[in-house]
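J.: Sending over a structure as structure tokens; questions will come in a sec.
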Amino acid sequence: QVQLVESGGGLVQAGGSLRLSCAASGRTFSSHSMGWFRQAPGKEREFVAAISWSGGTKYYADSVKGRFTISRENAKNTVYLQMNGLRPEDTALYYCAMETTAWMLGRGDSRDFGFWGQGTQVTVSS
């Protein structure tokens, strides 16, 4: 069974930075694309960023382009989300997810991701 454990969330002032990490176990990490999603109170879960199994292809939501960077270290079974220039509207519970199918990378549809972590809270104060 796949386990995904996020860490790195917290409270930060607007303009600040955080780096989220997601440690994976239970499946061949290096053959699966990974993604980050977020859900703010009262809103639907939304796509943030995704990265292919090799790290060679990355997609971002328009709202985070130029501010967030997704990366991965296959040797450590870990995916990261570096978040710079944080804004109050970035406040949300951030989830790490793994694509269900190996060697596939969709365009951020959450239905393509079959495995999810519990989430880590990011709060940005103004």
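Here, A, B, ... name the chains of the structure tokens in the order displayed, residue numbers run from 1 inside each chain, and ligands are numbered from 1 in the same displayed order.
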Report as an MDAnalysis selection string: the residues of chain A with a DSSP assignment of strand (DSSP E), based on the backbone of this structure.

T.: chainID A and resid 3:7 10:13 18:25 34:39 46:51 58:60 68:73 78:83 92:99 113:116 120:125

J.: Give one line per residue of segment 15-40 of chain A that approaches segment 60-69 of chain A to at most 10 Å, naming the two atoms of the closest pair and their distance in Å to one decimal, counting only C-alpha atoms; sort by chain then ascending residue number and deliver it as a Markdown table.

T.:
| residue | atom | partner | partner_atom | distance |
| --- | --- | --- | --- | --- |
| A:Ser17 | CA | A:Phe68 | CA | 9.4 |
| A:Leu18 | CA | A:Phe68 | CA | 9.7 |
| A:Arg19 | CA | A:Thr69 | CA | 9.3 |
| A:Gly35 | CA | A:Tyr60 | CA | 9.7 |
| A:Trp36 | CA | A:Tyr60 | CA | 9.5 |
| A:Phe37 | CA | A:Ala61 | CA | 9.7 |

J.: Output C-alpha atoms of each residue in that selection to a file, as a PDB file, in the first residue's frame.

T.:
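Contents of part-v6.pdb, freshly written:
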ATOM      1  CA  SER A  17       8.660  31.140   1.728  1.00  0.00           C
ATOM      2  CA  LEU A  18       8.049  27.549   2.715  1.00  0.00           C
ATOM      3  CA  ARG A  19       9.231  24.238   1.344  1.00  0.00           C
ATOM      4  CA  GLY A  35       1.473  16.172  -7.833  1.00  0.00           C
ATOM      5  CA  TRP A  36       0.573  18.791  -5.274  1.00  0.00           C
ATOM      6  CA  PHE A  37      -2.992  19.947  -4.728  1.00  0.00           C
TER       7      PHE A  37
END

J.: I'd like the contact shell of Ser21 of chain A - 12 Å cut-off, only C-alpha atoms, skipping same-chain residues fewer than 3 positions apart - returned as a PyMOL selection string.

T.: chain A and resi 4-9+18+24+34-36+69-73+76-83+94-97+117+119-120

J.: One decimal, in Å: what's the spacing between atom CA of Gln1 of chain A and atom CA of Ser30 of chain A?

T.: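 Separation of atom CA of Gln1 of chain A and atom CA of Ser30 of chain A: 15.8 Å.
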
J.: Please identify all polymer residues within 7 Å of Thr123 of chain A, counting only C-alpha atoms, omitting same-chain residues fewer than 3 positions from it, and present them as a ChimeraX atom specification.

T.: /A:10-12,91-92

J.: Keeping all heavy atoms for every residue in the selection just given, could you write it to a file as a CSV table (one decimal), in the first residue's frame?

T.:
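Full text of result.csv as output:
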chain,number,residue,atom,x,y,z
A,10,GLY,N,3.1,25.4,7.7
A,10,GLY,CA,3.2,26.3,8.8
A,10,GLY,C,2.6,27.6,8.6
A,10,GLY,O,1.9,27.8,7.6
A,11,LEU,N,2.9,28.6,9.5
A,11,LEU,CA,2.4,29.9,9.4
A,11,LEU,C,3.5,30.8,8.9
A,11,LEU,O,4.6,30.8,9.5
A,11,LEU,CB,1.9,30.4,10.8
A,11,LEU,CG,1.5,31.8,10.9
A,11,LEU,CD1,0.3,32.1,10.0
A,11,LEU,CD2,1.2,32.1,12.4
A,12,VAL,N,3.3,31.6,7.9
A,12,VAL,CA,4.3,32.5,7.4
A,12,VAL,C,3.6,33.8,6.9
A,12,VAL,O,2.4,33.9,6.6
A,12,VAL,CB,5.0,31.9,6.1
A,12,VAL,CG1,4.0,31.6,5.0
A,12,VAL,CG2,6.2,32.6,5.7
A,91,THR,N,-3.3,30.3,1.3
A,91,THR,CA,-3.6,29.6,2.5
A,91,THR,C,-4.5,28.4,2.2
A,91,THR,O,-5.6,28.6,1.6
A,91,THR,CB,-4.3,30.5,3.5
A,91,THR,OG1,-3.4,31.5,4.0
A,91,THR,CG2,-4.9,29.7,4.7
A,92,ALA,N,-4.1,27.2,2.6
A,92,ALA,CA,-4.9,26.0,2.3
A,92,ALA,C,-4.2,24.8,2.9
A,92,ALA,O,-3.1,24.9,3.5
A,92,ALA,CB,-4.9,25.8,0.8

J.: Hey, can you check how far atom CA of Arg87 of chain A sits from atom CA of Gly16 of chain A?

T.: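 According to the coordinates, atom CA of Arg87 of chain A and atom CA of Gly16 of chain A are separated by 8.2 Å.
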
J.: Just to confirm, what's the straight-line distance from atom CA of Gly55 of chain A to atom CA of Ala75 of chain A in Å (one decimal)?

T.: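 Atom CA of Ala75 of chain A lies at a distance of 12.3 Å from atom CA of Gly55 of chain A.
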